Amino acid sequence: MIRVYHNSFFAMGSRFNAVFPFYNQDICEHIFHLIQIEVLRIESKLSYFNPASEVYKINMTACKSFVKLDNELLSILETCMDYSEKTFGAYDITLRPIIEYIEAFGGTSAPAGRSYLNQIELDSVNKSIRFGCDKVKIDFGGFGKGYALEKIKSLLDNSPIENAFISFGESSIYAKGMHPCGDYWQVGIKNFYNAEDSLYTFKLSDNSISTSGNYYVDDSGQLCSKVNVINPLTGRAVDELSAVSIKSNSPLEAEILSTAFLVMEDEQNYKIMDRFKNIEAVKILYNENKPIKKYFSRTY
Amino acid sequence: MEDLFYINRREFFKKISLFAGSSIALASMPWLKIFNDDIYAKSVSDKVRLGFIGIGDRGSALLLNVQAIAKPLNVEIAAICDNYEPNYQRAIKFTSGKAKAFYNYLDLLNMKDIDGVVIATPLHEHSRMTIDALNAGVHVFCEKSMARSIEDSKKMYDEHLRTKRILQIGHQRVFSPVYLDAIQKIRRGDLGQITHMRAYWHRNGNWRRPVPEGKPELEKKINWRLYNIFSAGLFTELLSHQLQVANWIKDSFPASVVANGNLIYWKDGRDVYDHISCLYYYPDDSQFIYDSITTNKHYGCEEQILGSKGSMELELNKVYSESPPTPPAIQQLINDIEKDVFKTIPIGGASWVPETAINTKGDYISDNYKMDETKLQLEAFVRYIRKGNAPEELPVQGYYSTVWSLLAEQAAKTQQRLSLDDKYRI
């Protein structure tokens, strides 16, 4: 029997799980501990909700004056701006106020709810940020998980652990090396209406999958709409019950694109794909009481 | 608009009615039964008349809380008493001059139609005033801690038994919905065996109240908490709160205590410690570690309950599992690897929910964290008066938290491991 090291902790709104086919107990524990420290560090920096986080402080004060940024946060913000451009505006970190409004008052949009990305003034020379109005709030959302997985990937690459399966709530996954009994790790997107059925199967080896969706399963087992994805181009919640899974060599790109693909039309998604390398995407629509699968692929 | 207190009170009563069906809950919190019986809530022909002795900061808070519930519970604040002129005048103002005002509490007790008194005077006065009130046939709500000495605490308790009058000690956490839910969960085994408890109360401040200019003779009267002759400082003012929680959770009382104390920062003439640490041992060998300081507030106030299956942070209203359920997909993956099987790892099925960032670490112990337990404990006092008695567990909790706090003070001063003398067991 192959022994397995498994451990978990709570971070970024999900349970983080690490599975290492057994290498050495002490080493596994040490690496897990390093991962935990790094993930919690990133969370405490990027959290929208934690009053002690840097993002929280920015959201509270950047509408009044420039707020200083450290190198890491400046780089993260520049990366987000870059991804916004590469996704034709589909990836946007300023939409949280719309979600909060809809959660509080219902509906599918908010008065004057729109992207406020153009109200963010990022001064790369002086390493500071300012908001053009008090409506701007930045929320990195799933970016934090993708960013953390990038760091974990690097950490594992510099460790003796050759094979690993890392999961944030099964929505953000990084798989290193291979399953002990296979040449890769195999992940299947389950069919909500038939748990035995995999709608699509991804083969992973040193790459990631990110899944974004806008539904949840209620206590009676029904799919229900969840207002957590806003189309920045319309300011409205995505109402079509759907989930997008993206495979990429980069956990961060997978995270960004799974959100972007959820809000964009198919044609736009192909255009986005043209700007990235080695992307595999599957979109599942549940509106017709049966899953409809759309597959997108570009391999260069 | 309906006052938030009444909305919360309604929710609290719903919770209590649920507890009524739980033998575990009522055995752990028998003082809540009173809320299940409406006949003690309000009786137009049976007005409860209360007197307030000591209208300092805490006394004022208690007075204002009772005012807030006076009308629905048919309570009259009949008398107030304070021998410090500013407090005396403040109390008259609070009651718009309607309550009879006294400088001497014995005059208040001489009123024939007082049903109960709320005592919030300096600690060293509690015993004398409580015993006099009980002997006057008056029910007593006394702020914690009970008394400055173990002997005086025992006398208060004994007098309450002899006079058959109510003695309720102000430990508001026993009426807090968060703590009530926590006890429920602990009793049903959610945390496993409780082997360890930690608590702390950290403040950054000199703990002083302003003394009127030109009246240095009032220093000890106003800042009584800082002088050993009147108070045990952090032991009786802060530790006793959290020790009561530890005792309640263990459903037991300590077997022994070691402690330490130092006056290392606020060297301003006070003689109580500004840093203390204590280690209590319970009969089952579990421990309660406590510290309180006055020079750093970063960690604030917390009680951490550590069990074999989980942990609780009571002030934060959080509970954590030691072994949260492994997601089905991860569990299947582990099983497959252990059995040399290569299969697809299923994600996104019916049990899967797309993640958002709105979750927080751990789970909440209770949804009802916004209730005002100070009002609830005062409402309970009014109801007990109307009923004529109160559950004995309340003064017992108050008594042991006081005497074990005072024993910690002695342990710190003697540098010995101390146990409670049999003659002080009740």
# chains A, B, ... in the order shown; residues from 1 in each chain; ligands from 1
$ closest_atom_pairs --of "chain A" --to "chain B" --cutoff "8 Å" --atoms "only C-alpha atoms" --output "Markdown table"
| residue | atom | partner | partner_atom | distance |
| --- | --- | --- | --- | --- |
| A:Met1 | CA | B:Glu338 | CA | 5.2 |
| A:Ile2 | CA | B:Glu338 | CA | 4.8 |
| A:Arg3 | CA | B:Glu338 | CA | 5.8 |
| A:Val4 | CA | B:Ile334 | CA | 6.6 |
| A:His6 | CA | B:Ile334 | CA | 7.9 |
| A:Phe10 | CA | B:Lys361 | CA | 5.9 |
| A:Ala11 | CA | B:Lys361 | CA | 6.7 |
| A:Met12 | CA | B:Ala357 | CA | 6.1 |
| A:Gly13 | CA | B:Asn359 | CA | 4.6 |
| A:Ser14 | CA | B:Glu355 | CA | 6.7 |
| A:Asn17 | CA | B:Ile330 | CA | 7.7 |
| A:Val19 | CA | B:Ile334 | CA | 7.5 |
| A:Pro21 | CA | B:Ile337 | CA | 7.3 |
| A:Phe49 | CA | B:Ile358 | CA | 7.9 |
| A:Gly141 | CA | B:Ala357 | CA | 6.4 |
| A:Gly142 | CA | B:Thr356 | CA | 7.6 |
| A:Gly169 | CA | B:Glu355 | CA | 7.0 |
| A:Glu170 | CA | B:Ile347 | CA | 6.3 |
| A:Ser171 | CA | B:Pro354 | CA | 6.6 |
| A:His179 | CA | B:Phe342 | CA | 7.2 |
| A:Pro180 | CA | B:Ile337 | CA | 6.8 |
| A:Cys181 | CA | B:Phe342 | CA | 5.4 |
| A:Gly182 | CA | B:Phe342 | CA | 6.1 |
| A:Trp185 | CA | B:Thr344 | CA | 7.7 |
| A:Gln186 | CA | B:Thr344 | CA | 4.8 |
| A:Val187 | CA | B:Ile345 | CA | 4.6 |
| A:Gly188 | CA | B:Pro346 | CA | 4.8 |
| A:Ile189 | CA | B:Ile347 | CA | 5.2 |
| A:Lys190 | CA | B:Gly349 | CA | 4.7 |
| A:Asn191 | CA | B:Gly349 | CA | 6.0 |
| A:Phe192 | CA | B:Gly349 | CA | 5.1 |
| A:Tyr193 | CA | B:Ala350 | CA | 7.7 |
| A:Ala195 | CA | B:Gly349 | CA | 5.9 |
| A:Ser198 | CA | B:Pro346 | CA | 7.4 |
| A:Thr201 | CA | B:Thr344 | CA | 7.7 |
| A:Thr211 | CA | B:Pro354 | CA | 7.5 |
| A:Ser212 | CA | B:Pro354 | CA | 6.2 |
| A:Gly213 | CA | B:Pro354 | CA | 5.4 |
| A:Asn214 | CA | B:Pro354 | CA | 7.0 |
| A:Tyr215 | CA | B:Pro354 | CA | 6.9 |
| A:Tyr216 | CA | B:Val353 | CA | 5.1 |
| A:Val217 | CA | B:Ala350 | CA | 6.5 |
| A:Gly221 | CA | B:Ala350 | CA | 7.2 |
| A:Asn228 | CA | B:Thr356 | CA | 7.2 |
$ residues_around --residues "Gly132 (chain A)" --least-positions-apart "4" --cutoff "10 Å" --atoms "only C-alpha atoms" --output "list of chain:residue names"
A:Ala62, A:Cys63, A:Lys64, A:Ser65, A:Tyr116, A:Leu117, A:Asn118, A:Gln119, A:Ile120, A:Glu121, A:Val136
$ closest_residue --among "B:Phe52, B:Tyr88, B:Tyr179, B:Phe12" --to "Met129 (chain B)" --atoms "only C-alpha atoms"
B:Phe52
$ select_by_dssp --residues "region 11-110 of chain B" --states "strand (DSSP E or B)" --output "list in words"
Val48, Arg49, Leu50, Gly51, Phe52, Ile53, Val75, Glu76, Ile77, Ala78, Ala79, Ile80, Cys81, Lys100, Ala101 and Phe102 of chain B
$ write_last_selection --atoms "C-alpha atoms" --output "mmCIF file, in the first residue's frame"
data_model
loop_
_atom_site.group_PDB
_atom_site.id
_atom_site.type_symbol
_atom_site.label_atom_id
_atom_site.label_comp_id
_atom_site.auth_asym_id
_atom_site.auth_seq_id
_atom_site.Cartn_x
_atom_site.Cartn_y
_atom_site.Cartn_z
ATOM 1 C CA VAL B 48 -41.004 45.053 41.732
ATOM 2 C CA ARG B 49 -39.344 47.942 43.565
ATOM 3 C CA LEU B 50 -35.581 48.119 43.314
ATOM 4 C CA GLY B 51 -32.944 50.142 45.086
ATOM 5 C CA PHE B 52 -29.499 50.899 43.673
ATOM 6 C CA ILE B 53 -26.501 51.175 45.971
ATOM 7 C CA VAL B 75 -40.295 47.575 37.743
ATOM 8 C CA GLU B 76 -39.893 50.767 39.730
ATOM 9 C CA ILE B 77 -36.528 52.224 40.580
ATOM 10 C CA ALA B 78 -37.619 53.290 44.026
ATOM 11 C CA ALA B 79 -34.358 54.398 45.610
ATOM 12 C CA ILE B 80 -30.787 55.257 44.853
ATOM 13 C CA CYS B 81 -27.806 55.609 47.151
ATOM 14 C CA LYS B 100 -35.693 58.446 46.866
ATOM 15 C CA ALA B 101 -32.050 59.412 47.223
ATOM 16 C CA PHE B 102 -29.765 58.457 50.081
#
$ residues_around --residues "Arg165 (chain B)" --least-positions-apart "3" --cutoff "9 Å" --atoms "only C-alpha atoms" --output "PDB file with all heavy atoms, in the first residue's frame"
ATOM      1  N   LEU B 134     -29.637  41.451  53.063  1.00  0.00           N
ATOM      2  CA  LEU B 134     -30.287  40.147  53.250  1.00  0.00           C
ATOM      3  C   LEU B 134     -31.014  40.108  54.595  1.00  0.00           C
ATOM      4  O   LEU B 134     -32.138  39.597  54.702  1.00  0.00           O
ATOM      5  CB  LEU B 134     -29.245  39.023  53.168  1.00  0.00           C
ATOM      6  CG  LEU B 134     -28.570  38.835  51.806  1.00  0.00           C
ATOM      7  CD1 LEU B 134     -27.394  37.866  51.907  1.00  0.00           C
ATOM      8  CD2 LEU B 134     -29.573  38.323  50.768  1.00  0.00           C
ATOM      9  N   ASN B 135     -30.364  40.657  55.613  1.00  0.00           N
ATOM     10  CA  ASN B 135     -30.983  40.668  56.939  1.00  0.00           C
ATOM     11  C   ASN B 135     -32.199  41.586  57.009  1.00  0.00           C
ATOM     12  O   ASN B 135     -33.061  41.416  57.871  1.00  0.00           O
ATOM     13  CB  ASN B 135     -29.961  41.071  58.002  1.00  0.00           C
ATOM     14  CG  ASN B 135     -29.110  39.882  58.405  1.00  0.00           C
ATOM     15  OD1 ASN B 135     -29.635  38.825  58.736  1.00  0.00           O
ATOM     16  ND2 ASN B 135     -27.799  40.037  58.357  1.00  0.00           N
ATOM     17  N   GLY B 137     -34.282  41.556  54.762  1.00  0.00           N
ATOM     18  CA  GLY B 137     -35.304  40.842  53.997  1.00  0.00           C
ATOM     19  C   GLY B 137     -35.343  41.229  52.531  1.00  0.00           C
ATOM     20  O   GLY B 137     -36.327  40.987  51.832  1.00  0.00           O
ATOM     21  N   VAL B 138     -34.255  41.820  52.046  1.00  0.00           N
ATOM     22  CA  VAL B 138     -34.207  42.321  50.670  1.00  0.00           C
ATOM     23  C   VAL B 138     -33.353  41.387  49.808  1.00  0.00           C
ATOM     24  O   VAL B 138     -32.292  40.938  50.241  1.00  0.00           O
ATOM     25  CB  VAL B 138     -33.604  43.751  50.650  1.00  0.00           C
ATOM     26  CG1 VAL B 138     -33.392  44.241  49.239  1.00  0.00           C
ATOM     27  CG2 VAL B 138     -34.513  44.703  51.418  1.00  0.00           C
ATOM     28  N   HIS B 139     -33.837  41.100  48.601  1.00  0.00           N
ATOM     29  CA  HIS B 139     -33.056  40.288  47.663  1.00  0.00           C
ATOM     30  C   HIS B 139     -31.899  41.120  47.112  1.00  0.00           C
ATOM     31  O   HIS B 139     -32.030  42.342  46.959  1.00  0.00           O
ATOM     32  CB  HIS B 139     -33.929  39.806  46.507  1.00  0.00           C
ATOM     33  CG  HIS B 139     -35.095  38.972  46.957  1.00  0.00           C
ATOM     34  ND1 HIS B 139     -34.946  37.745  47.553  1.00  0.00           N
ATOM     35  CD2 HIS B 139     -36.437  39.203  46.906  1.00  0.00           C
ATOM     36  CE1 HIS B 139     -36.142  37.240  47.832  1.00  0.00           C
ATOM     37  NE2 HIS B 139     -37.069  38.113  47.459  1.00  0.00           N
ATOM     38  N   VAL B 140     -30.785  40.435  46.769  1.00  0.00           N
ATOM     39  CA  VAL B 140     -29.577  41.178  46.380  1.00  0.00           C
ATOM     40  C   VAL B 140     -29.032  40.712  45.032  1.00  0.00           C
ATOM     41  O   VAL B 140     -28.852  39.513  44.800  1.00  0.00           O
ATOM     42  CB  VAL B 140     -28.467  41.006  47.447  1.00  0.00           C
ATOM     43  CG1 VAL B 140     -27.165  41.667  46.985  1.00  0.00           C
ATOM     44  CG2 VAL B 140     -28.909  41.599  48.778  1.00  0.00           C
ATOM     45  N   GLU B 159     -25.236  33.789  54.696  1.00  0.00           N
ATOM     46  CA  GLU B 159     -26.343  34.655  55.093  1.00  0.00           C
ATOM     47  C   GLU B 159     -27.497  34.557  54.090  1.00  0.00           C
ATOM     48  O   GLU B 159     -28.661  34.626  54.475  1.00  0.00           O
ATOM     49  CB  GLU B 159     -25.816  36.088  55.195  1.00  0.00           C
ATOM     50  CG  GLU B 159     -26.534  36.954  56.186  1.00  0.00           C
ATOM     51  CD  GLU B 159     -26.532  36.423  57.616  1.00  0.00           C
ATOM     52  OE1 GLU B 159     -25.661  35.608  57.967  1.00  0.00           O
ATOM     53  OE2 GLU B 159     -27.437  36.819  58.377  1.00  0.00           O
ATOM     54  N   HIS B 160     -27.120  34.386  52.839  1.00  0.00           N
ATOM     55  CA  HIS B 160     -28.161  34.200  51.810  1.00  0.00           C
ATOM     56  C   HIS B 160     -28.950  32.914  52.083  1.00  0.00           C
ATOM     57  O   HIS B 160     -30.186  32.892  51.983  1.00  0.00           O
ATOM     58  CB  HIS B 160     -27.500  34.193  50.426  1.00  0.00           C
ATOM     59  CG  HIS B 160     -27.951  33.131  49.493  1.00  0.00           C
ATOM     60  ND1 HIS B 160     -29.161  33.173  48.841  1.00  0.00           N
ATOM     61  CD2 HIS B 160     -27.352  31.973  49.092  1.00  0.00           C
ATOM     62  CE1 HIS B 160     -29.277  32.101  48.072  1.00  0.00           C
ATOM     63  NE2 HIS B 160     -28.214  31.352  48.210  1.00  0.00           N
ATOM     64  N   LEU B 161     -28.253  31.853  52.501  1.00  0.00           N
ATOM     65  CA  LEU B 161     -28.954  30.602  52.810  1.00  0.00           C
ATOM     66  C   LEU B 161     -29.841  30.778  54.053  1.00  0.00           C
ATOM     67  O   LEU B 161     -30.986  30.321  54.080  1.00  0.00           O
ATOM     68  CB  LEU B 161     -27.942  29.477  53.072  1.00  0.00           C
ATOM     69  CG  LEU B 161     -27.163  28.942  51.867  1.00  0.00           C
ATOM     70  CD1 LEU B 161     -26.238  27.791  52.309  1.00  0.00           C
ATOM     71  CD2 LEU B 161     -28.082  28.452  50.757  1.00  0.00           C
ATOM     72  N   ARG B 162     -29.277  31.437  55.060  1.00  0.00           N
ATOM     73  CA  ARG B 162     -29.999  31.557  56.324  1.00  0.00           C
ATOM     74  C   ARG B 162     -31.263  32.412  56.166  1.00  0.00           C
ATOM     75  O   ARG B 162     -32.313  32.074  56.690  1.00  0.00           O
ATOM     76  CB  ARG B 162     -29.075  32.188  57.382  1.00  0.00           C
ATOM     77  CG  ARG B 162     -29.600  32.111  58.809  1.00  0.00           C
ATOM     78  CD  ARG B 162     -28.721  32.895  59.775  1.00  0.00           C
ATOM     79  NE  ARG B 162     -28.748  34.324  59.538  1.00  0.00           N
ATOM     80  CZ  ARG B 162     -29.753  35.141  59.876  1.00  0.00           C
ATOM     81  NH1 ARG B 162     -30.809  34.650  60.488  1.00  0.00           N
ATOM     82  NH2 ARG B 162     -29.685  36.426  59.619  1.00  0.00           N
ATOM     83  N   ILE B 385     -37.155  37.640  41.791  1.00  0.00           N
ATOM     84  CA  ILE B 385     -37.788  38.328  42.929  1.00  0.00           C
ATOM     85  C   ILE B 385     -39.280  38.020  42.947  1.00  0.00           C
ATOM     86  O   ILE B 385     -39.862  37.693  43.983  1.00  0.00           O
ATOM     87  CB  ILE B 385     -37.546  39.851  42.840  1.00  0.00           C
ATOM     88  CG1 ILE B 385     -36.077  40.174  43.139  1.00  0.00           C
ATOM     89  CG2 ILE B 385     -38.461  40.601  43.810  1.00  0.00           C
ATOM     90  CD1 ILE B 385     -35.709  41.641  42.951  1.00  0.00           C
ATOM     91  N   GLY B 388     -39.679  34.617  44.079  1.00  0.00           N
ATOM     92  CA  GLY B 388     -39.312  34.452  45.482  1.00  0.00           C
ATOM     93  C   GLY B 388     -38.046  33.658  45.699  1.00  0.00           C
ATOM     94  O   GLY B 388     -37.562  33.540  46.818  1.00  0.00           O
ATOM     95  N   ASN B 389     -37.493  33.110  44.659  1.00  0.00           N
ATOM     96  CA  ASN B 389     -36.223  32.394  44.799  1.00  0.00           C
ATOM     97  C   ASN B 389     -35.523  32.282  43.450  1.00  0.00           C
ATOM     98  O   ASN B 389     -36.118  32.559  42.402  1.00  0.00           O
ATOM     99  CB  ASN B 389     -36.423  30.996  45.402  1.00  0.00           C
ATOM    100  CG  ASN B 389     -37.348  30.147  44.557  1.00  0.00           C
ATOM    101  OD1 ASN B 389     -37.054  29.837  43.413  1.00  0.00           O
ATOM    102  ND2 ASN B 389     -38.504  29.788  45.119  1.00  0.00           N
ATOM    103  N   ALA B 390     -34.250  31.894  43.516  1.00  0.00           N
ATOM    104  CA  ALA B 390     -33.438  31.766  42.297  1.00  0.00           C
ATOM    105  C   ALA B 390     -32.641  30.468  42.381  1.00  0.00           C
ATOM    106  O   ALA B 390     -32.389  29.959  43.485  1.00  0.00           O
ATOM    107  CB  ALA B 390     -32.490  32.952  42.173  1.00  0.00           C
TER     108      ALA B 390
END
$ residues_around --residues "Ala182 (chain B)" --least-positions-apart "2" --cutoff "12 Å" --atoms "only C-alpha atoms" --output "mmCIF file with C-alpha atoms, in the first residue's frame"
data_model
loop_
_atom_site.group_PDB
_atom_site.id
_atom_site.type_symbol
_atom_site.label_atom_id
_atom_site.label_comp_id
_atom_site.auth_asym_id
_atom_site.auth_seq_id
_atom_site.Cartn_x
_atom_site.Cartn_y
_atom_site.Cartn_z
ATOM 1 C CA ALA B 25 -29.041 22.448 28.514
ATOM 2 C CA SER B 28 -26.006 23.204 32.746
ATOM 3 C CA MET B 29 -28.034 26.399 32.895
ATOM 4 C CA ARG B 173 -21.763 35.647 30.536
ATOM 5 C CA VAL B 174 -24.079 33.034 32.053
ATOM 6 C CA PHE B 175 -26.869 34.861 30.203
ATOM 7 C CA SER B 176 -24.955 35.359 26.962
ATOM 8 C CA PRO B 177 -26.458 33.470 23.991
ATOM 9 C CA VAL B 178 -22.982 32.746 22.640
ATOM 10 C CA TYR B 179 -21.879 31.141 25.884
ATOM 11 C CA LEU B 180 -25.164 29.278 26.245
ATOM 12 C CA GLN B 184 -24.665 23.181 24.742
ATOM 13 C CA LYS B 185 -22.126 22.142 22.132
ATOM 14 C CA ILE B 186 -19.454 21.323 24.678
ATOM 15 C CA ARG B 187 -21.829 19.195 26.769
ATOM 16 C CA ARG B 188 -22.920 17.191 23.754
ATOM 17 C CA GLY B 189 -19.263 16.456 23.016
ATOM 18 C CA ASP B 190 -18.489 18.649 20.011
ATOM 19 C CA LEU B 191 -15.035 19.510 21.388
ATOM 20 C CA VAL B 245 -16.470 30.696 32.435
ATOM 21 C CA ALA B 246 -13.762 28.055 32.883
ATOM 22 C CA TRP B 248 -18.846 26.520 34.027
ATOM 23 C CA ILE B 249 -17.307 24.816 31.041
ATOM 24 C CA GLU B 303 -11.250 32.470 26.414
ATOM 25 C CA GLN B 304 -9.878 29.579 24.389
ATOM 26 C CA ILE B 305 -11.335 26.149 25.069
ATOM 27 C CA GLY B 310 -12.058 20.997 18.532
ATOM 28 C CA SER B 311 -11.497 24.456 19.907
ATOM 29 C CA MET B 312 -13.593 27.470 20.763
ATOM 30 C CA GLU B 313 -12.803 31.150 21.021
ATOM 31 C CA LEU B 314 -15.718 32.333 23.061
ATOM 32 C CA GLU B 315 -15.301 36.101 22.846
ATOM 33 C CA LEU B 316 -14.952 35.799 19.075
ATOM 34 C CA ASN B 317 -17.922 33.407 18.912
ATOM 35 C CA LYS B 318 -15.874 30.915 16.891
ATOM 36 C CA VAL B 319 -15.559 27.144 16.912
ATOM 37 C CA TYR B 320 -12.954 25.116 15.040
ATOM 38 C CA ASP B 363 -17.728 28.484 12.268
ATOM 39 C CA TYR B 364 -19.794 30.698 14.495
ATOM 40 C CA ILE B 365 -20.796 29.154 17.799
ATOM 41 C CA SER B 366 -24.029 31.136 17.853
ATOM 42 C CA ASP B 367 -26.003 33.333 15.472
ATOM 43 C CA ASN B 368 -27.381 35.323 18.404
ATOM 44 C CA TYR B 369 -24.381 37.330 19.396
#
$ residues_around --residues "Gly205 (chain B)" --least-positions-apart "6" --cutoff "10 Å" --atoms "only C-alpha atoms" --output "NGL selection string"
:B and (266 or 274 or 293-297)
$ select_by_dssp --residues "region 76-206 of chain A" --states "helix (DSSP H, G or I)" --output "ChimeraX atom specification"
/A:76-86,96-105,117-119,143-157
$ residues_around --residues "Asn278 (chain A)" --least-positions-apart "5" --cutoff "12 Å" --atoms "only C-alpha atoms" --output "number ranges by chain"
A: 207-208, 246-250, 253-254, 273, 296-300
$ atom_distance --atom1 "CA of Tyr200 (chain B)" --atom2 "CA of Gly233 (chain B)"
14.7 Å
